Structures are given as C-alpha cells and as structure tokens.
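A.B. asks: Following this line is start_26.txt, made up of compact mmCIF, C-alpha atoms and all ligand atoms:
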```txt
# COMPACT_ATOMS: atom_id res chain seq x y z
CA VAL A 1 -42.86 -12.19 11.09
CA LYS A 2 -41.24 -10.04 13.72
CA LYS A 3 -37.51 -9.61 13.29
CA LYS A 4 -35.48 -11.38 15.96
CA PRO A 5 -33.43 -9.02 18.14
CA LEU A 6 -29.71 -8.83 17.47
CA VAL A 7 -27.96 -10.18 20.57
CA VAL A 8 -24.19 -9.66 20.57
CA VAL A 9 -22.30 -11.98 22.92
CA THR A 10 -18.71 -10.94 23.57
CA ARG A 11 -17.20 -14.28 24.62
CA LYS A 12 -17.62 -17.98 23.85
CA LEU A 13 -20.34 -19.48 26.08
CA PRO A 14 -21.22 -23.14 26.79
CA ASP A 15 -22.43 -24.92 23.63
CA SER A 16 -25.94 -25.59 24.98
CA ILE A 17 -26.37 -21.88 25.76
CA GLU A 18 -25.16 -20.81 22.32
CA THR A 19 -27.52 -23.29 20.64
CA ARG A 20 -30.47 -21.93 22.62
CA MET A 21 -29.46 -18.35 21.86
CA ARG A 22 -29.32 -19.14 18.13
CA GLU A 23 -32.84 -20.57 18.30
CA LEU A 24 -34.28 -17.62 20.17
CA PHE A 25 -32.39 -14.62 18.85
CA ASP A 26 -30.36 -13.31 15.97
CA ALA A 27 -27.30 -14.21 18.04
CA ARG A 28 -23.90 -12.89 17.07
CA LEU A 29 -21.54 -15.19 18.92
CA ASN A 30 -17.81 -14.90 19.50
CA LEU A 31 -16.85 -18.46 18.64
CA ASP A 32 -13.07 -18.12 18.85
CA ASP A 33 -13.37 -16.43 22.29
CA THR A 34 -10.83 -13.67 21.61
CA PRO A 35 -11.73 -10.78 23.95
CA LEU A 36 -13.11 -7.82 22.00
CA THR A 37 -10.90 -4.76 21.51
CA GLN A 38 -12.25 -1.37 22.56
CA ASP A 39 -13.10 -0.63 18.88
CA GLN A 40 -14.96 -3.92 18.53
CA LEU A 41 -16.86 -3.21 21.72
CA ILE A 42 -17.91 0.19 20.40
CA GLU A 43 -18.96 -1.45 17.13
CA ALA A 44 -21.01 -3.92 19.21
CA VAL A 45 -22.93 -1.23 21.12
CA ARG A 46 -23.58 0.60 17.85
CA THR A 47 -25.22 -2.41 16.24
CA ALA A 48 -26.72 -4.60 18.98
CA ASP A 49 -30.24 -4.52 20.38
CA ILE A 50 -28.94 -6.46 23.36
CA LEU A 51 -25.35 -6.86 24.54
CA VAL A 52 -24.10 -9.82 26.58
CA PRO A 53 -20.70 -8.81 28.00
CA THR A 54 -18.51 -10.44 30.64
CA VAL A 55 -16.05 -9.28 33.27
CA THR A 56 -13.41 -8.82 30.53
CA ASP A 57 -15.37 -6.06 28.74
CA GLN A 58 -15.14 -2.54 30.11
CA ILE A 59 -18.52 -0.99 29.31
CA ASN A 60 -17.58 2.43 30.66
CA GLU A 61 -19.23 5.78 30.09
CA GLU A 62 -17.23 6.33 26.86
CA VAL A 63 -18.53 3.08 25.40
CA ILE A 64 -22.09 3.73 26.55
CA LYS A 65 -22.03 7.19 24.96
CA GLN A 66 -21.34 5.54 21.58
CA ALA A 67 -24.29 3.16 21.87
CA ASP A 68 -27.05 3.34 19.30
CA SER A 69 -30.45 4.21 20.76
CA LYS A 70 -31.71 0.73 19.87
CA LEU A 71 -29.42 -0.82 22.50
CA LYS A 72 -31.87 -1.33 25.34
CA LEU A 73 -30.42 -4.14 27.45
CA ILE A 74 -26.99 -5.10 28.73
CA ALA A 75 -27.40 -8.63 30.09
CA ASN A 76 -24.09 -9.25 31.89
CA PHE A 77 -22.81 -12.83 31.93
CA GLY A 78 -21.53 -12.50 35.49
CA ASN A 79 -22.57 -11.49 38.96
CA GLY A 80 -20.25 -8.54 39.53
CA VAL A 81 -21.18 -5.53 37.40
CA ASP A 82 -18.08 -3.42 38.04
CA ASN A 83 -17.26 -3.81 34.33
CA ILE A 84 -20.35 -1.74 33.48
CA ASP A 85 -21.09 1.90 34.27
CA VAL A 86 -24.60 1.12 35.51
CA THR A 87 -25.40 4.78 36.22
CA ALA A 88 -24.44 5.89 32.70
CA ALA A 89 -26.43 3.01 31.20
CA HIS A 90 -29.46 3.82 33.34
CA ALA A 91 -29.28 7.51 32.35
CA ARG A 92 -29.58 6.44 28.71
CA GLY A 93 -32.52 4.16 29.41
CA ILE A 94 -30.48 0.97 29.07
CA THR A 95 -31.48 -1.83 31.46
CA VAL A 96 -28.65 -3.80 33.09
CA THR A 97 -29.00 -7.34 34.43
CA ASN A 98 -26.54 -9.81 36.02
CA THR A 99 -26.45 -13.50 37.01
CA PRO A 100 -26.67 -13.71 40.82
CA LYS A 101 -27.22 -16.77 43.02
CA VAL A 102 -26.08 -19.48 40.57
CA LEU A 103 -22.41 -18.91 41.36
CA THR A 104 -22.70 -18.41 45.12
CA GLU A 105 -21.87 -21.97 46.20
CA ASP A 106 -19.08 -22.48 43.65
CA THR A 107 -17.38 -19.24 44.65
CA ALA A 108 -17.75 -20.12 48.34
CA ASP A 109 -16.21 -23.55 47.65
CA MET A 110 -13.19 -21.94 46.00
CA THR A 111 -12.89 -19.45 48.86
CA MET A 112 -12.90 -22.35 51.32
CA ALA A 113 -10.31 -24.13 49.18
CA LEU A 114 -8.00 -21.11 49.57
CA ILE A 115 -8.79 -20.79 53.29
CA LEU A 116 -7.61 -24.41 53.60
CA ALA A 117 -4.75 -24.23 51.11
CA VAL A 118 -2.95 -21.16 52.42
CA PRO A 119 -2.44 -22.02 56.13
CA ARG A 120 -1.88 -25.72 55.33
CA ARG A 121 0.66 -24.97 52.55
CA LEU A 122 -1.19 -27.14 50.05
CA ILE A 123 0.33 -25.83 46.81
CA GLU A 124 3.80 -25.51 48.31
CA GLY A 125 3.63 -29.13 49.45
CA ALA A 126 2.28 -30.40 46.14
CA SER A 127 5.06 -28.61 44.27
CA VAL A 128 7.72 -30.56 46.18
CA LEU A 129 6.65 -33.64 44.26
CA THR A 130 6.04 -32.05 40.88
CA ASP A 131 8.71 -29.34 40.49
CA GLY A 132 11.73 -31.62 40.59
CA LYS A 133 12.58 -30.76 44.19
CA ASN A 134 14.04 -33.53 46.26
CA TRP A 135 11.69 -34.98 48.86
CA ALA A 136 13.77 -36.45 51.64
CA GLY A 137 10.74 -38.19 53.16
CA TRP A 138 8.50 -37.54 56.12
CA SER A 139 9.80 -35.57 59.05
CA PRO A 140 8.08 -34.53 62.31
CA THR A 141 9.00 -30.88 61.86
CA TRP A 142 8.81 -30.37 58.09
CA MET A 143 6.11 -28.60 56.02
CA LEU A 144 4.09 -27.63 59.06
CA GLY A 145 1.22 -25.24 58.58
CA HIS A 146 -1.38 -23.84 60.91
CA ARG A 147 -4.53 -25.48 62.25
CA LEU A 148 -7.80 -23.95 61.09
CA GLY A 149 -10.02 -25.07 63.99
CA GLY A 150 -10.57 -22.37 66.59
CA LYS A 151 -9.07 -19.59 64.46
CA ARG A 152 -10.95 -16.37 63.79
CA LEU A 153 -12.18 -15.80 60.24
CA GLY A 154 -13.18 -12.23 59.37
CA ILE A 155 -15.49 -12.00 56.38
CA VAL A 156 -15.57 -8.64 54.61
CA GLY A 157 -18.99 -8.47 52.93
CA MET A 158 -21.68 -10.78 54.31
CA GLY A 159 -23.95 -11.07 51.28
CA ARG A 160 -24.90 -14.35 49.63
CA ILE A 161 -21.31 -15.45 48.99
CA GLY A 162 -20.03 -14.25 52.38
CA GLN A 163 -22.76 -16.23 54.14
CA ALA A 164 -22.03 -19.34 52.07
CA VAL A 165 -18.35 -19.03 53.07
CA ALA A 166 -19.39 -18.59 56.71
CA ARG A 167 -21.46 -21.81 56.63
CA ARG A 168 -18.54 -23.80 55.28
CA ALA A 169 -15.98 -22.24 57.63
CA HIS A 170 -18.27 -22.77 60.63
CA ALA A 171 -18.35 -26.48 59.80
CA PHE A 172 -14.52 -26.48 59.80
CA GLY A 173 -14.52 -25.10 63.34
CA LEU A 174 -13.52 -21.53 62.52
CA GLN A 175 -14.99 -18.70 64.60
CA ILE A 176 -17.01 -16.50 62.29
CA HIS A 177 -16.70 -12.71 62.38
CA TYR A 178 -17.91 -10.31 59.72
CA HIS A 179 -18.11 -6.72 58.63
CA ASN A 180 -21.01 -5.59 56.47
CA ARG A 181 -23.02 -2.43 55.93
CA ARG A 182 -25.59 -3.93 58.28
CA PRO A 183 -25.83 -7.05 60.45
CA VAL A 184 -27.40 -10.20 59.00
CA ALA A 185 -30.76 -11.46 60.30
CA PRO A 186 -30.45 -12.66 63.94
CA HIS A 187 -31.34 -16.29 63.09
CA ILE A 188 -28.51 -16.44 60.52
CA ALA A 189 -26.01 -14.89 62.94
CA GLU A 190 -27.08 -17.38 65.58
CA GLU A 191 -26.87 -20.40 63.28
CA LEU A 192 -23.30 -19.42 62.31
CA GLY A 193 -22.29 -18.11 65.71
CA ALA A 194 -21.26 -15.02 63.77
CA THR A 195 -20.02 -11.84 65.44
CA TYR A 196 -20.79 -8.53 63.70
CA TRP A 197 -18.14 -5.81 63.60
CA GLU A 198 -19.43 -2.41 62.68
CA SER A 199 -15.83 -1.21 62.57
CA LEU A 200 -13.83 -2.87 59.80
CA ASP A 201 -10.62 -1.52 61.37
CA GLN A 202 -11.31 -3.22 64.67
CA MET A 203 -12.20 -6.51 63.03
CA LEU A 204 -9.11 -6.56 60.77
CA ALA A 205 -6.81 -6.06 63.75
CA ARG A 206 -8.10 -9.18 65.48
CA MET A 207 -8.50 -11.83 62.76
CA ASP A 208 -6.35 -14.86 61.90
CA ILE A 209 -7.78 -15.15 58.38
CA ILE A 210 -9.60 -12.46 56.39
CA SER A 211 -11.81 -13.30 53.43
CA VAL A 212 -12.93 -10.60 50.98
CA ASN A 213 -16.45 -11.30 49.68
CA CYS A 214 -17.90 -7.90 48.84
CA PRO A 215 -18.56 -6.50 45.38
CA HIS A 216 -16.24 -3.91 43.83
CA THR A 217 -18.06 -0.59 43.76
CA PRO A 218 -16.79 3.00 44.05
CA ALA A 219 -17.35 2.60 47.82
CA THR A 220 -15.25 -0.58 48.12
CA PHE A 221 -12.33 0.36 45.86
CA HIS A 222 -9.24 -0.18 48.08
CA LEU A 223 -11.49 -0.85 51.06
CA LEU A 224 -8.44 -2.75 52.30
CA SER A 225 -6.27 0.34 51.93
CA ALA A 226 -2.63 0.66 52.94
CA ARG A 227 -3.71 2.07 56.31
CA ARG A 228 -6.10 -0.82 56.97
CA LEU A 229 -3.71 -3.50 55.72
CA LYS A 230 -1.23 -2.27 58.33
CA LEU A 231 -3.77 -3.06 61.07
CA ILE A 232 -3.74 -6.76 60.15
CA ARG A 233 -1.83 -9.15 62.41
CA LYS A 234 1.60 -10.37 61.40
CA ASP A 235 0.49 -14.01 61.53
CA ALA A 236 -2.76 -13.47 59.58
CA TYR A 237 -3.69 -14.54 56.04
CA ILE A 238 -5.90 -12.81 53.47
CA VAL A 239 -8.06 -14.59 50.90
CA ASN A 240 -9.72 -12.74 48.00
CA THR A 241 -12.18 -14.31 45.57
CA ALA A 242 -14.15 -11.07 45.02
CA ARG A 243 -12.33 -8.40 43.01
CA GLY A 244 -8.69 -7.38 43.05
CA GLU A 245 -9.60 -3.71 43.26
CA VAL A 246 -10.97 -4.12 46.80
CA ILE A 247 -7.40 -4.55 48.11
CA ASP A 248 -4.46 -2.18 47.62
CA GLU A 249 -2.50 -4.99 45.98
CA GLU A 250 0.84 -3.22 45.90
CA THR A 251 0.78 -2.57 49.65
CA LEU A 252 -0.43 -6.11 50.37
CA THR A 253 2.50 -7.45 48.35
CA LYS A 254 4.97 -5.26 50.26
CA LEU A 255 3.57 -6.30 53.64
CA ILE A 256 3.85 -9.99 52.77
CA GLU A 257 7.38 -9.46 51.43
CA SER A 258 8.42 -7.79 54.69
CA GLY A 259 6.73 -10.39 56.86
CA GLU A 260 4.12 -8.00 58.25
CA ILE A 261 1.30 -10.21 56.89
CA ALA A 262 1.82 -13.99 56.81
CA GLY A 263 0.39 -14.75 53.37
CA ALA A 264 -2.52 -14.63 50.96
CA GLY A 265 -4.70 -16.67 48.65
CA LEU A 266 -5.73 -14.60 45.65
CA ASP A 267 -8.10 -15.60 42.85
CA VAL A 268 -8.49 -12.02 41.56
CA PHE A 269 -6.05 -9.20 40.87
CA GLU A 270 -6.12 -5.45 40.65
CA HIS A 271 -4.90 -5.32 37.04
CA GLU A 272 -6.25 -8.60 35.69
CA PRO A 273 -5.05 -10.49 33.69
CA ALA A 274 -1.70 -8.95 34.68
CA VAL A 275 -0.27 -10.47 37.85
CA SER A 276 2.71 -8.64 39.31
CA PRO A 277 6.05 -10.49 39.13
CA LYS A 278 6.47 -9.76 42.84
CA LEU A 279 3.35 -11.78 43.64
CA VAL A 280 4.59 -14.60 41.42
CA ARG A 281 7.90 -14.56 43.32
CA LEU A 282 5.99 -14.74 46.62
CA ALA A 283 4.01 -17.69 45.25
CA LYS A 284 7.24 -19.48 44.34
CA ALA A 285 8.47 -18.81 47.87
CA GLY A 286 5.30 -20.42 49.25
CA LYS A 287 3.95 -17.21 50.77
CA VAL A 288 0.91 -16.79 48.53
CA THR A 289 -1.37 -19.04 46.49
CA LEU A 290 -2.49 -17.55 43.19
CA LEU A 291 -5.38 -18.69 41.01
CA PRO A 292 -6.43 -17.24 37.63
CA HIS A 293 -9.98 -16.00 38.49
CA MET A 294 -11.50 -19.46 38.83
CA GLY A 295 -13.90 -18.79 41.71
CA SER A 296 -17.07 -19.60 39.79
CA ALA A 297 -15.49 -21.73 37.08
CA THR A 298 -17.65 -24.86 37.03
CA ILE A 299 -19.38 -26.31 33.97
CA GLU A 300 -22.69 -26.42 35.87
CA GLY A 301 -22.34 -22.83 37.01
CA ARG A 302 -21.52 -21.47 33.57
CA VAL A 303 -24.58 -23.19 32.08
CA GLU A 304 -26.79 -21.77 34.84
CA MET A 305 -25.30 -18.32 34.27
CA GLY A 306 -26.15 -18.64 30.58
CA GLU A 307 -29.69 -19.76 31.40
CA LYS A 308 -30.09 -16.71 33.62
CA VAL A 309 -28.89 -14.43 30.82
CA ILE A 310 -31.49 -15.98 28.50
CA ILE A 311 -34.29 -15.59 31.07
CA ASN A 312 -33.34 -11.96 31.63
CA ILE A 313 -33.37 -11.27 27.88
CA ARG A 314 -36.66 -13.08 27.25
CA THR A 315 -38.42 -11.40 30.16
CA PHE A 316 -37.19 -8.04 28.93
CA LEU A 317 -38.39 -8.77 25.39
CA ASP A 318 -41.79 -9.72 26.82
CA ASN A 319 -41.96 -6.20 28.28
CA HIS A 320 -41.63 -7.37 31.85
CA LYS A 321 -39.00 -6.42 34.39
CA PRO A 322 -36.16 -8.97 34.14
CA PRO A 323 -35.58 -10.84 37.41
CA ASP A 324 -31.95 -9.77 37.80
CA ARG A 325 -32.11 -6.05 37.10
CA VAL A 326 -29.28 -4.00 38.57
CA LEU A 327 -30.21 -0.45 39.51
CA PRO A 328 -27.70 2.29 40.33
CA SER A 329 -29.28 2.52 43.79
CA MET A 330 -28.26 -1.10 44.50
CA LEU A 331 -24.53 -0.35 44.17
C1 LIG A 401 -17.32 -14.65 36.26
C2 LIG A 401 -17.27 -13.26 38.42
O1 LIG A 401 -16.41 -15.56 35.79
O2 LIG A 401 -19.59 -13.31 38.14
C3 LIG A 401 -18.65 -12.71 38.57
O3 LIG A 401 -18.75 -11.62 39.17
O4 LIG A 401 -16.34 -12.72 38.87
C4 LIG A 401 -16.99 -14.52 37.72
O5 LIG A 401 -17.63 -15.50 38.43
C5 LIG A 401 -17.22 -13.42 35.45
O6 LIG A 401 -17.70 -12.31 36.07
C6 LIG A 401 -17.96 -13.58 34.16
O7 LIG A 401 -18.26 -12.34 33.59
```
Take the structure in the file and give it back as structure tokens.
C.D. replies:
Amino acid sequence: VKKKPLVVVTRKLPDSIETRMRELFDARLNLDDTPLTQDQLIEAVRTADILVPTVTDQINEEVIKQADSKLKLIANFGNGVDNIDVTAAHARGITVTNTPKVLTEDTADMTMALILAVPRRLIEGASVLTDGKNWAGWSPTWMLGHRLGGKRLGIVGMGRIGQAVARRAHAFGLQIHYHNRRPVAPHIAEELGATYWESLDQMLARMDIISVNCPHTPATFHLLSARRLKLIRKDAYIVNTARGEVIDEETLTKLIESGEIAGAGLDVFEHEPAVSPKLVRLAKAGKVTLLPHMGSATIEGRVEMGEKVIINIRTFLDNHKPPDRVLPSML
C-alpha cells in the first residue's frame, strides 16, 4: 500500500473537515488550536509533504528556505495569501493554493454590516443599554446618525468581494463608485450603476463612505497612505474588511482623532492581533467600530473553505493542477 501523505494543519478546523482529512491523509492536526510558534512552523515545513496554514502563520522566505524538498504543496486555509511568500515557494517548486469564492458573500455581508453600523451608530447605541449608561428615553435629537440612501460609496478593489459589496450597497440606495486596476465588464457596471475611477486620489476625495476590498500585496501595502487619507472628506467614513496593511493605520487613527475623517469600521488591523489602544479609545468614544477579523466567520463558510482545501490537495495528489492555484503572476 502507498503511504498516505503527511498533511500538517496549523490550526483547529471544523470537525467534519478534520474527520475527512484523517480518512484521506496522514493528517497531523492542531487540536488545541494554539497558533504555531516560528520554531514549530519551521519544524512543520521540515516534516510535512503538504502544509495547511492560515492567515496567522507567516510562511515567509526564511521559513520556505528551511522546507524539506518533500514539501510540495502549501494549501492555504484562506483566500488572502499575504501570509505566504508565493514567489519564494514557487521558486522552490512548491505549489500554493487558496480558498476563493466560498467566503465572498459572507465577507460582503460583514462589510455591509459595517457600512450600516458606522453611520447609524449601531454599536454606540447598543452600548447605551448594555454598558450601564443611563438611557433617559427617546428624544427627537438624540443618537442621530447619517442616512445611507443617496450617499456615494467608493469601493477600493472591485474583485469578487468588491462586486458582492456593490450589489448589496446598490440595493440600499447607495451610489456605487469604484477604483480597480481595470474597469469591470460593462454589463456589471450597468447593473450596479457603478462609476469607474481610474484615479484613486480623485475618487477618495469625493466619497461619503470608502470600503477597502482589495487583497494585500506589495503593490497595495499602504495604498491608503497618509497622503491619500488626507484627501478624504471630513464627513466620510472608511470600512475595511480586507487587510489592515492596506491602510496606514496610524495616520487613519490620527485623522479620526482630529476630526479630519468622521469614523471607521475596521475588521482587520495592521498589526493583528494587536489593536492600538488609541483605536480602542476611539471605539469607546463611538467614532469607530472594531471587529476581531470576523469577515468570513460563518460555520458554513469555514466548512466550505475546508472542503476546498481537501479538493486542492486531492487534485494535486492525483497529479492534476489544483483548481485554486496561486501563481506569483496573479499577485
Ligand atoms: C480567513 C481571510 O479567516 O480568507 C481570508 O483571506 O481573511 C479570512 O477570511 C483567514 O484568512 C483564514 O486563514
């Protein structure tokens, strides 16, 4: 009998996925879900035939250099692959795959939740009843937010998730604007009434709400730089469910503190899991809504992500190209 490949999974996955992995592979699972240390990660790439990491594992060039030559596939449990040096992996003949599509709608839902929550002061209002503050009762002028309908939403990155956000926002009566490397197909733009901005600077200066939906790559690191953040209107809000690194978080924080940007809804952070005390203070003051990277966190989505990982591994083991290969040229 052929020996089953050693598949090292760095985090606890849904039970049904772990059961299936045990049946199919020699699966080394991380049942207590403690994130691996750098040393443990290096140990993993030295022993595994296939590695299944997540966003919390930094598979950088240093780690890839230590990999044994039998490591042939890194099947990421996640859509974003900014945790993996894809170019270094590719150079060593290691295939990289991800889990696209199955988390598009969930992430777009959470983005929409923040687009609703921030201007309508959802969390701030809810906290009046739960944080021991005294609610004096309804008043015509109290806890007023801003209407969404008719406002301009600027989507940065109009890929699958950006388009799913646009569909939702369009249904809420927002005017859709977007910046992307290239315009979307005309029938999609027409359906969404979406306006393309080739210049990100020009779009940012005109939007009421900005939603970040692009991947984090070397080209998008601090895409919303200090200079660009200063172009944003004083009464505008920013929502980010993509990656913290796309925004210069320190400058964003300062601009919200000084009232030069109205507020933000952030599901991701530049130095995750660290969240700056300044942002937490702004959240307590009702200026920002913070979530702990929950954009794709649904039971259904996690199972589908796991199923995708298994399909990618099995296809690879059958000597075919896995469906969700990530090539350096795609980044
Ligand atoms: C996942 C994500 O939770 O898939 C992504 O890119 O950011 C999240 O939805 C995480 O990446 C799992 O590795």
A.B. asks: At a cut-off of 7 Å, using all atoms listed in the file, what residues contact range 33-44 of chain A? Leave out same-chain residues fewer than 4 positions from it and give the result as an MDAnalysis selection string.
C.D. replies: chainID A and resid 8 10:12 48 63 66
A.B. asks: Please report, as a tab-separated table, each residue of range 251-306 of chain A lying at most 10 Å from range 71-88 of chain A, together with the nearest pair of atoms and the separation in Å rounded to one decimal; use all atoms listed in the file, and order rows by chain and ascending residue number.
C.D. replies:
```
residue	atom	partner	partner_atom	distance
A:Ser296	CA	A:Gly78	CA	9.4
A:Arg302	CA	A:Phe77	CA	8.9
A:Met305	CA	A:Phe77	CA	6.5
A:Gly306	CA	A:Phe77	CA	6.8
```
A.B. asks: How many Å separate CA of Leu51 in chain A from CA of Asp318 in chain A?
C.D. replies: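 CA of Asp318 in chain A lies at a distance of 16.8 Å from CA of Leu51 in chain A.
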A.B. asks: Taking 6 positions as the minimum chain separation for residues in the same chain, which residues sit within 10 Å of Val280 in chain A when counting only C-alpha atoms? Answer as a ChimeraX atom specification.
C.D. replies: /A:286-290
A.B. asks: From the set A:Val96, A:Val7, A:Ala108, A:Leu103, which residue has the shortest atom-to-atom contact distance to ligand LIG 401 (chain A), counting all atoms listed in the file?
C.D. replies: A:Leu103
A.B. asks: What's the 12 Å shell around Pro215 in chain A, counting all atoms listed in the file, without same-chain residues fewer than 5 positions away, as a ChimeraX atom specification?
C.D. replies: /A:78-83,100,156-162,180,220-223,240-247,330-331
A.B. asks: How many Å separate CA of Leu252 in chain A from CA of Arg182 in chain A?
C.D. replies: 26.5 Å
A.B. asks: Fewer than 3 positions away in the same chain doesn't count, so skip those; otherwise give me all residues within 10 Å of Arg121 in chain A, counting only C-alpha atoms, as JSON, numbers by chain.
C.D. replies: {"A": [114, 116, 117, 118, 124, 125, 126, 143, 144, 145, 146, 286, 287, 288, 289]}
A.B. asks: Rounded to one decimal, what separation in Å do you get between CA of Leu266 in chain A and CA of Leu291 in chain A?
C.D. replies: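 So the two atoms, CA of Leu266 in chain A and CA of Leu291 in chain A, lie 6.2 Å apart.
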A.B. asks: What lies within 10 Å of Ile261 in chain A using only C-alpha atoms, ignoring chain neighbours under 4 positions off, as a list in words?
C.D. replies: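 Using only C-alpha atoms, the neighbours found are Leu229, Lys230, Leu231, Ile232, Arg233, Lys234, Asp235, Ala236, Tyr237, Ile238, Leu252, Thr253, Lys254, Leu255, Ile256, Glu257 and Lys287 of chain A.
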A.B. asks: Which one of A:Asn98, A:Thr251, A:Arg92, A:Leu24 sits closest to Val52 in chain A if you count only C-alpha atoms?
C.D. replies: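 Among the listed residues, A:Asn98 lies closest to Val52 in chain A.
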A.B. asks: Taking into account all atoms listed in the file, which residue in the set A:Asp208, A:Glu198, A:Asp15, A:Glu307 is nearest to Gly149 in chain A?
C.D. replies: A:Asp208
A.B. asks: First collect every listed atom of range 299-310 of chain A; then fit an axis-aligned box around them, widen it by 5 Å on each side, and give centre and edge lengths in Å to one decimal, as lines of an AutoDock Vina configuration file.
C.D. replies:
```
center_x = -25.4
center_y = -20.4
center_z = 32.8
size_x = 22.1
size_y = 22.0
size_z = 18.5
```
A.B. asks: Measuring between all atoms listed in the file, which one of A:Ser225, A:Asp201, A:Ala264, A:Gln163 shows the shortest distance to Pro183 in chain A?
C.D. replies: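 Counting all atoms listed in the file, the residue closest to Pro183 in chain A is A:Gln163.
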A.B. asks: Pick from A:Pro53, A:Gly132, A:Gly263, A:Pro5: nearest to ligand LIG 401 (chain A), with only C-alpha atoms and all ligand atoms counted?
C.D. replies: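 Once distances to ligand LIG 401 (chain A) are computed over only C-alpha atoms and all ligand atoms, the minimum belongs to A:Pro53.
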A.B. asks: For a quick check of understanding, using all atoms listed in the file, which of A:Arg227, A:Ala194, A:Ile310, A:Thr99 has the smallest distance to ligand LIG 401 (chain A)?
C.D. replies: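 Ranked by minimum distance to ligand LIG 401 (chain A), first place goes to A:Thr99.
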